[in-house]
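Engineer: This is the structure, below, for whatever I ask next.
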Amino acid sequence: MSEAIKRRADRADVIDGEAVAAQVRETVAETVERLQSAGVTPGLATVLMSDDPASETYVRMKQRDCADVGIESRHVELDTDAPQSELFETIEELNDDPAIDGILIQRPLTDSVDEPAALRRVDPAKDVDGFHPENVGRLVTGDPRFVPCTPLGIQRLLVEAGVELPGADVVVVGRSELVGKPLANLLLNRGDDADATVTVCHSKTDDLAAHTARADVVVVAAGVPELVTGEMLSSGSTVIDVGINAVGEGDDRKLIGDVDYESASQVVDAITPVPGGVGPMTRAMLLKNTVQAAARQADVELETE
Ligand SMILES: NC(=O)C1=CN([C@@H]2O[C@H](COP(=O)(O)OP(=O)(O)OC[C@H]3O[C@@H](n4cnc5c(N)ncnc54)[C@H](OP(=O)(O)O)[C@@H]3O)[C@@H](O)[C@H]2O)C=CC1
Ligand SMILES: Nc1nc(=O)c2c([nH]1)NC[C@@H]1CN(c3ccc(C(=O)N[C@@H](CCC(=O)O)C(=O)O)cc3)C=[N+]21
């Protein structure tokens, strides 16, 4: 069993996302060294066009992660009242820049711009978020290139937790383009770390508890604080909580998930905490996608995947 799984007496094991993310970063740092000896320094560009303080924090964390593993990062910040054409020009410039291997457009973009149109403009070869329709299509057709970072991170956590995915009954709560849908496709595809039987639930699902209660794996990405409680879950299952909800003010401000951790951890076998679960994995997988983009663009073969 991986040392990232913390055993708890009479309670669910805790899947330590920070520990698994540290392992991923270590492998990425080794790959960066190998690329550098072939004359390639991977570069990631982040683009922010929003006043959302959470987005600013995330972008800063991503830059720090890059520095930790030897990826060069460049940050472009656009005024929220700048015309859409300025955003599109920025994307074109980054597409054409040989020092940039990966481009991340931090979502959500300000309301005045057409977000899907912006994401379509990113060169699919630099689309380390996996949001471009070409990369979405490749995932759905079972020939993935860049898979969105959060689903990739969740798959890795399930593997680390020792979950046997082939044949497992996986219930995904949430059908967003960012998390729910790509995760469902990833786990539905053929493969040793996939081959699951996947059900996707959403706000119109008739009886959510009936689905979550019979699942081997429940992944919750609904954006609703503590939507899933222990009563809706079964012993023997593994729960992945994707939700990040800020509650409280001032000194009482804290992050909670989409799962009621207290009640769930008294029922299930293993669970991810919030914070320290899926979030760090999302950032680690961005680094992994970026070095893969750099290797592919420089035509350097990597030993792993
Ligand atoms: N840890 C990480 O790295 C990341 C965390 N997040 C967090 O994950 C959460 C989800 O994000 P995202 O997928 O972008 O969210 P979206 O808001 O885009 O999608 C939420 C989904 O949940 C469904 N939903 C909402 N309420 C219910 C309900 N009561 N019962 C069942 N389904 C429901 C919605 O259904 P419908 O389609 O019918 O509206 C929708 O499909 C958020 O808390 C976000 O902050 C997101 C990305 C990365
Ligand atoms: N183009 C794009 N790609 C994304 O991947 C993307 C995005 N836009 N927009 C927003 C969501 C959200 N997201 C998170 C990443 C890391 C943490 C994370 O590291 N969370 C820490 C806590 C961080 C804190 O303390 O605030 C944790 O859960 O432990 C959270 C959320 C990526 N997203």
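Letters for chains follow the order of the structure tokens (A, B, ...), residue numbers begin at 1 for each chain, and ligand numbers begin at 1 in the order shown.
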Which residues come within 9 Å of Arg120 of chain A, counting only C-alpha atoms, excluding same-chain residues fewer than 5 positions away, as a JSON list (two decimals) with N, CA and C atoms, in the first residue's frame?
Structural biologist:
[["chain", "number", "residue", "atom", "x", "y", "z"],
["A", 115, "GLU", "N", -15.73, 32.49, -23.76],
["A", 115, "GLU", "CA", -14.73, 31.54, -23.23],
["A", 115, "GLU", "C", -14.50, 30.33, -24.15],
["A", 131, "PHE", "N", -8.73, 21.21, -22.88],
["A", 131, "PHE", "CA", -10.07, 21.76, -23.11],
["A", 131, "PHE", "C", -10.39, 21.97, -24.59],
["A", 132, "HIS", "N", -9.38, 21.94, -25.46],
["A", 132, "HIS", "CA", -9.65, 22.16, -26.90],
["A", 132, "HIS", "C", -10.49, 21.01, -27.45],
["A", 133, "PRO", "N", -11.47, 21.31, -28.32],
["A", 133, "PRO", "CA", -12.33, 20.25, -28.86],
["A", 133, "PRO", "C", -11.55, 19.09, -29.48],
["A", 134, "GLU", "N", -10.39, 19.36, -30.04],
["A", 134, "GLU", "CA", -9.59, 18.25, -30.61],
["A", 134, "GLU", "C", -9.15, 17.29, -29.50]]
Engineer: Any chance you could tabulate, as JSON lines, the residues of chain A at most 8 Å from ligand 2 with each one's nearest atom pair and distance in Å to one decimal, using only C-alpha atoms and all ligand atoms, in chain and rising number order?
Structural biologist:
{"residue": "A:Gly17", "atom": "CA", "partner": "ligand 2", "partner_atom_place_in_ligand_line": "29 (O)", "distance": 7.8}
{"residue": "A:Glu18", "atom": "CA", "partner": "ligand 2", "partner_atom_place_in_ligand_line": "29 (O)", "distance": 7.3}
{"residue": "A:Ala54", "atom": "CA", "partner": "ligand 2", "partner_atom_place_in_ligand_line": "26 (O)", "distance": 6.9}
{"residue": "A:Ser55", "atom": "CA", "partner": "ligand 2", "partner_atom_place_in_ligand_line": "10 (C)", "distance": 6.4}
{"residue": "A:Thr57", "atom": "CA", "partner": "ligand 2", "partner_atom_place_in_ligand_line": "26 (O)", "distance": 6.9}
{"residue": "A:Tyr58", "atom": "CA", "partner": "ligand 2", "partner_atom_place_in_ligand_line": "16 (C)", "distance": 6.1}
{"residue": "A:Met61", "atom": "CA", "partner": "ligand 2", "partner_atom_place_in_ligand_line": "19 (O)", "distance": 7.4}
{"residue": "A:Leu104", "atom": "CA", "partner": "ligand 2", "partner_atom_place_in_ligand_line": "1 (N)", "distance": 5.3}
{"residue": "A:Ile105", "atom": "CA", "partner": "ligand 2", "partner_atom_place_in_ligand_line": "1 (N)", "distance": 4.7}
{"residue": "A:Gln106", "atom": "CA", "partner": "ligand 2", "partner_atom_place_in_ligand_line": "1 (N)", "distance": 3.9}
{"residue": "A:Arg107", "atom": "CA", "partner": "ligand 2", "partner_atom_place_in_ligand_line": "8 (N)", "distance": 3.9}
{"residue": "A:Pro108", "atom": "CA", "partner": "ligand 2", "partner_atom_place_in_ligand_line": "9 (N)", "distance": 6.1}
{"residue": "A:Asp129", "atom": "CA", "partner": "ligand 2", "partner_atom_place_in_ligand_line": "3 (N)", "distance": 5.9}
{"residue": "A:Pro148", "atom": "CA", "partner": "ligand 2", "partner_atom_place_in_ligand_line": "5 (O)", "distance": 7.3}
{"residue": "A:Cys149", "atom": "CA", "partner": "ligand 2", "partner_atom_place_in_ligand_line": "5 (O)", "distance": 6.0}
{"residue": "A:Thr150", "atom": "CA", "partner": "ligand 2", "partner_atom_place_in_ligand_line": "5 (O)", "distance": 6.4}
{"residue": "A:Leu178", "atom": "CA", "partner": "ligand 2", "partner_atom_place_in_ligand_line": "4 (C)", "distance": 7.6}
{"residue": "A:Ile244", "atom": "CA", "partner": "ligand 2", "partner_atom_place_in_ligand_line": "28 (O)", "distance": 6.6}
{"residue": "A:Leu255", "atom": "CA", "partner": "ligand 2", "partner_atom_place_in_ligand_line": "26 (O)", "distance": 7.4}
{"residue": "A:Val274", "atom": "CA", "partner": "ligand 2", "partner_atom_place_in_ligand_line": "28 (O)", "distance": 5.4}
{"residue": "A:Pro275", "atom": "CA", "partner": "ligand 2", "partner_atom_place_in_ligand_line": "29 (O)", "distance": 3.5}
{"residue": "A:Gly276", "atom": "CA", "partner": "ligand 2", "partner_atom_place_in_ligand_line": "29 (O)", "distance": 3.6}
{"residue": "A:Gly277", "atom": "CA", "partner": "ligand 2", "partner_atom_place_in_ligand_line": "28 (O)", "distance": 5.7}
{"residue": "A:Val278", "atom": "CA", "partner": "ligand 2", "partner_atom_place_in_ligand_line": "28 (O)", "distance": 5.9}
{"residue": "A:Gly279", "atom": "CA", "partner": "ligand 2", "partner_atom_place_in_ligand_line": "18 (C)", "distance": 3.4}
{"residue": "A:Pro280", "atom": "CA", "partner": "ligand 2", "partner_atom_place_in_ligand_line": "19 (O)", "distance": 4.3}
{"residue": "A:Met281", "atom": "CA", "partner": "ligand 2", "partner_atom_place_in_ligand_line": "19 (O)", "distance": 7.4}
{"residue": "A:Thr282", "atom": "CA", "partner": "ligand 2", "partner_atom_place_in_ligand_line": "15 (C)", "distance": 5.4}
{"residue": "A:Arg283", "atom": "CA", "partner": "ligand 2", "partner_atom_place_in_ligand_line": "16 (C)", "distance": 5.5}
{"residue": "A:Leu286", "atom": "CA", "partner": "ligand 2", "partner_atom_place_in_ligand_line": "5 (O)", "distance": 7.6}
Engineer: Would you save the residues from that selection as a tab-separated table (two decimals), in the first residue's frame, using C-alpha atoms?
Structural biologist:
chain	number	residue	atom	x	y	z
A	17	GLY	CA	-3.30	14.13	-2.23
A	18	GLU	CA	-0.41	16.34	-1.15
A	54	ALA	CA	-9.28	32.72	-5.97
A	55	SER	CA	-8.11	32.58	-9.60
A	57	THR	CA	-4.22	32.58	-5.90
A	58	TYR	CA	-4.39	29.47	-8.11
A	61	MET	CA	0.42	28.51	-6.91
A	104	LEU	CA	-3.33	27.61	-19.48
A	105	ILE	CA	-6.24	30.04	-19.73
A	106	GLN	CA	-7.43	30.37	-16.14
A	107	ARG	CA	-11.19	29.92	-15.91
A	108	PRO	CA	-13.60	31.53	-15.46
A	129	ASP	CA	-5.62	21.74	-19.82
A	148	PRO	CA	-7.83	17.61	-18.19
A	149	CYS	CA	-5.70	17.81	-15.04
A	150	THR	CA	-8.37	17.19	-12.40
A	178	LEU	CA	-13.93	20.55	-16.67
A	244	ILE	CA	-13.72	23.41	-3.05
A	255	LEU	CA	-12.45	25.34	2.67
A	274	VAL	CA	-10.40	19.03	1.44
A	275	PRO	CA	-7.98	20.74	1.31
A	276	GLY	CA	-5.12	18.35	0.58
A	277	GLY	CA	-6.92	15.92	-1.72
A	278	VAL	CA	-7.72	16.53	-5.37
A	279	GLY	CA	-6.52	20.17	-5.48
A	280	PRO	CA	-2.78	19.49	-5.21
A	281	MET	CA	-3.16	16.66	-7.75
A	282	THR	CA	-4.74	19.02	-10.31
A	283	ARG	CA	-1.69	21.25	-10.09
A	286	LEU	CA	-0.58	20.34	-15.06
Engineer: Using only C-alpha atoms and all ligand atoms, find each residue with an atom at most 8 Å away from ligand 1 and format the answer as a ChimeraX atom specification.
Structural biologist: /A:149-150,173-180,201-205,208,220-225,227,241-245,257-258,277-283
Engineer: Could you check how far atom CA of Asp216 of chain A sits from atom CA of Val170 of chain A, in Å to one decimal?
Structural biologist: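 The value is 6.0 Å.
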Engineer: Hey, what's within 10 Å of Thr31 of chain A if we count only C-alpha atoms and toss same-chain stuff fewer than 2 positions away? As a PDB file with C-alpha atoms, in the first residue's frame, please?
Structural biologist:
ATOM      1  CA  ARG A  25       6.407  16.504  -8.939  1.00  0.00           C
ATOM      2  CA  GLU A  26       9.523  14.459  -8.238  1.00  0.00           C
ATOM      3  CA  THR A  27       9.060  12.419 -11.418  1.00  0.00           C
ATOM      4  CA  VAL A  28       8.352  15.598 -13.365  1.00  0.00           C
ATOM      5  CA  ALA A  29      11.546  17.216 -12.021  1.00  0.00           C
ATOM      6  CA  GLU A  33      16.426  17.334 -16.122  1.00  0.00           C
ATOM      7  CA  ARG A  34      16.411  14.822 -18.945  1.00  0.00           C
ATOM      8  CA  LEU A  35      14.823  17.355 -21.285  1.00  0.00           C
ATOM      9  CA  GLN A  36      17.349  19.975 -20.257  1.00  0.00           C
ATOM     10  CA  SER A  37      20.228  17.694 -21.123  1.00  0.00           C
ATOM     11  CA  VAL A  69      10.358  21.454 -10.825  1.00  0.00           C
ATOM     12  CA  GLY A  70      12.379  23.591 -13.249  1.00  0.00           C
ATOM     13  CA  LYS A 288       3.101  16.520 -16.040  1.00  0.00           C
ATOM     14  CA  VAL A 291       6.637  18.355 -19.744  1.00  0.00           C
ATOM     15  CA  GLN A 292       4.849  15.971 -22.083  1.00  0.00           C
ATOM     16  CA  ALA A 295       8.897  16.564 -25.115  1.00  0.00           C
ATOM     17  CA  LEU A 302      10.243  10.044 -22.776  1.00  0.00           C
ATOM     18  CA  GLU A 303      10.600   6.631 -21.161  1.00  0.00           C
ATOM     19  CA  THR A 304       7.390   6.944 -19.202  1.00  0.00           C
TER      20      THR A 304
END
Engineer: Point out the residue among A:Asp101, A:Asp260, A:Asp143, A:Asp65 with the least atom-to-atom distance to Ala125 of chain A, counting only C-alpha atoms.
Structural biologist: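 Closest residue, counting only C-alpha atoms: A:Asp101.
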Engineer: So that I can check the secondary structure, give me every residue of segment 147-242 of chain A assigned strand (DSSP E) by backbone DSSP, as a list in words.
Structural biologist: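 Matching residues, listed in order: Asp169, Val170, Val171, Val172, Val173, Thr197, Val198, Thr199, Val200, Cys201, Val217, Val218, Val219, Val220, Thr238, Val239, Ile240 and Asp241 of chain A.
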Engineer: Looking only at the backbone, which of the residues in segment 35-237 of chain A does DSSP tag as helix (DSSP H, G or I), as a PyMOL selection string?
Structural biologist: chain A and resi 35-37+53-69+84-96+115-121+124-126+133-140+149-160+180-188+208-213+230-232
Engineer: Skip Leu157 of chain A itself and residues of its chain fewer than 6 positions away, then list as a PyMOL selection string all residues within 10 Å of it, counting only C-alpha atoms.
Structural biologist: chain A and resi 4-5+15-17+20-21+151+163+240+272+277-278+281
Engineer: Pick out the closest residue to Val159 of chain A from this set: A:Val259, A:Ala194, A:Met232, A:Leu94. Count only C-alpha atoms.
Structural biologist: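 Of A:Val259, A:Ala194, A:Met232, A:Leu94, the one nearest Val159 of chain A, counting only C-alpha atoms, is A:Ala194.
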Engineer: As a list in words, please: the residues near Ser263 of chain A (cut-off 9 Å, only C-alpha atoms, same-chain neighbours under 4 positions excluded).
Structural biologist: Thr229, Gly230, Glu231, Val259 and Val267 of chain A
Engineer: To one decimal place, how far is atom CA of Ala38 of chain A from atom CA of Val300 of chain A in Å?
Structural biologist: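 Those two atoms sit 7.8 Å apart.
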Engineer: Quick one: which segment 198-290 of chain A residues come within 12 Å of segment 185-188 of chain A, and what is the nearest atom pair for each with the distance in Å to one decimal, counting only C-alpha atoms, rows ordered by chain and ascending number, as a Markdown table?
Structural biologist:
| residue | atom | partner | partner_atom | distance |
| --- | --- | --- | --- | --- |
| A:Val198 | CA | A:Leu188 | CA | 6.3 |
| A:Thr199 | CA | A:Leu188 | CA | 9.6 |
| A:Val200 | CA | A:Asn185 | CA | 10.2 |
| A:Val217 | CA | A:Leu187 | CA | 11.1 |
| A:Val219 | CA | A:Leu187 | CA | 11.5 |
Engineer: Which neighbours of Asp13 of chain A fall inside 12 Å, counting only C-alpha atoms, when residues of the same chain fewer than 4 positions from it are skipped, and could you give them as a ChimeraX atom specification?
Structural biologist: /A:1-9,161-162,235-240,261,264-273
